[in-house]
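work_15.txt (compact mmCIF, C-alpha atoms)
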```
# COMPACT_ATOMS: atom_id res chain seq x y z
CA MET A 1 20.70 -11.83 -19.12
CA GLY A 2 24.03 -13.47 -18.36
CA ASP A 3 23.06 -15.16 -15.08
CA ARG A 4 22.46 -18.77 -14.18
CA TRP A 5 19.18 -19.86 -12.64
CA HIS A 6 18.01 -22.85 -10.64
CA VAL A 7 14.54 -23.91 -11.78
CA GLU A 8 12.21 -26.10 -9.73
CA VAL A 9 8.68 -27.33 -10.33
CA ASP A 10 6.57 -28.18 -7.29
CA ARG A 11 5.08 -31.42 -8.54
CA SER A 12 2.52 -31.46 -5.75
CA VAL A 13 1.09 -28.24 -7.22
CA CYS A 14 1.62 -28.80 -10.98
CA ILE A 15 -1.64 -29.51 -12.84
CA GLY A 16 -0.05 -30.34 -16.20
CA SER A 17 -1.43 -27.35 -18.12
CA ALA A 18 1.75 -27.38 -20.26
CA GLN A 19 1.92 -23.58 -20.37
CA CYS A 20 5.60 -23.90 -19.50
CA LEU A 21 6.17 -26.02 -22.62
CA HIS A 22 4.36 -23.44 -24.71
CA HIS A 23 6.63 -20.60 -23.49
CA ALA A 24 9.91 -22.51 -23.11
CA PRO A 25 9.64 -25.80 -25.03
CA GLY A 26 13.31 -26.65 -24.66
CA ALA A 27 13.43 -25.99 -20.94
CA PHE A 28 10.51 -28.09 -19.63
CA ARG A 29 8.94 -31.46 -20.33
CA LEU A 30 5.97 -33.41 -19.04
CA ASP A 31 6.41 -36.88 -17.62
CA SER A 32 3.97 -39.79 -17.97
CA ALA A 33 1.84 -38.33 -15.14
CA ARG A 34 1.62 -35.03 -17.11
CA GLN A 35 3.69 -33.24 -14.51
CA SER A 36 6.26 -30.70 -15.58
CA HIS A 37 9.91 -30.69 -14.70
CA PRO A 38 12.88 -28.70 -15.96
CA VAL A 39 15.08 -30.37 -18.56
CA GLU A 40 18.11 -28.85 -16.79
CA PRO A 41 17.46 -27.59 -13.23
CA ASP A 42 20.50 -25.29 -13.47
CA THR A 43 20.24 -23.30 -16.67
CA ASP A 44 21.14 -20.02 -18.28
CA ALA A 45 18.75 -17.21 -17.42
CA SER A 46 16.30 -16.61 -20.24
CA GLU A 47 13.21 -14.60 -20.94
CA GLN A 48 11.44 -17.78 -22.08
CA VAL A 49 11.98 -19.56 -18.76
CA LEU A 50 10.78 -16.49 -16.87
CA GLU A 51 7.69 -16.29 -19.10
CA ALA A 52 7.01 -19.98 -18.45
CA ALA A 53 7.11 -19.41 -14.69
CA GLU A 54 4.94 -16.32 -14.93
CA SER A 55 2.37 -18.12 -17.09
CA CYS A 56 1.96 -21.14 -14.82
CA PRO A 57 -1.69 -21.00 -13.69
CA VAL A 58 -0.88 -22.51 -10.28
CA GLU A 59 2.56 -20.89 -9.75
CA ALA A 60 4.28 -24.27 -9.54
CA ILE A 61 7.56 -22.98 -11.03
CA ALA A 62 10.17 -21.33 -8.85
CA ILE A 63 13.37 -19.73 -10.12
CA SER A 64 16.28 -18.85 -7.86
CA LEU A 65 19.92 -17.92 -8.11
CA PRO A 66 22.20 -20.91 -7.56
CA GLY A 67 24.37 -20.62 -4.49
CA SER A 68 22.54 -17.80 -2.75
CA GLY A 69 19.03 -19.16 -3.29
CA GLU A 70 17.79 -15.62 -3.87
CA ALA A 71 14.35 -15.72 -5.47
CA VAL A 72 13.98 -14.59 -9.07
CA PHE A 73 10.38 -15.80 -9.40
CA PRO A 74 8.10 -15.59 -7.63
CA PRO A 75 9.60 -12.41 -6.23
CA GLU A 76 9.98 -12.23 -2.48
CA GLU A 77 7.46 -9.91 -0.91
```
Represent the supplied structure as structure tokens.
Amino acid sequence: MGDRWHVEVDRSVCIGSAQCLHHAPGAFRLDSARQSHPVEPDTDASEQVLEAAESCPVEAIAISLPGSGEAVFPPEE
């Protein structure tokens, strides 16, 4: 993909389903409260990270382009 992404998890929405870990195990981890957060908030764009965001049952994961803040996921409507 070649781009860099900024990944955020809305911890007030996260339910700890761990779907993100299933799709991108190196990119996310759960803390002691079973809430997800990115290992590196600014990371290389990858299909696995996008799949993790898309698979989140409560859409707690947001991906944007660093600098511009343009949304990658969820897409702007």
Up to 12 Å from (1.2, -32.0, -4.9) in the file's coordinates: name the residues, counting all atoms listed in the file, as a VMD selection string. chain A and resid 9 to 16 35 to 36 58 60
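CA of Ser32 (chain A) lies 23.8 Å from CA of Glu51 (chain A).
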Shortest interatomic distance to Pro25 (chain A) - which of A:Ala62, A:Val49, A:Val72, A:Asp44, counting only C-alpha atoms: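 Using only C-alpha atoms, Pro25 (chain A) sits closest to A:Val49.
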Show me, as a PyMOL selection string, the residues that have an atom within 12 Å of His22 (chain A) when counting all atoms listed in the file, minus same-chain residues fewer than 5 positions from it. chain A and resi 16-17+27-30+36+48-49+51-53+55-56
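Across the model, the gap from CA of Arg4 (chain A) to CA of Leu65 (chain A) is 6.6 Å.
In this structure, CA of Ile63 (chain A) sits 11.8 Å away from CA of Asp3 (chain A).
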Rank A:Val39, A:His23, A:Glu47, A:Trp5 by their smallest atom-to-atom distance to Ala71 (chain A), using all atoms listed in the file, and report the top residue only.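 Looking only at the distances to Ala71 (chain A), the closest residue turns out to be A:Trp5.
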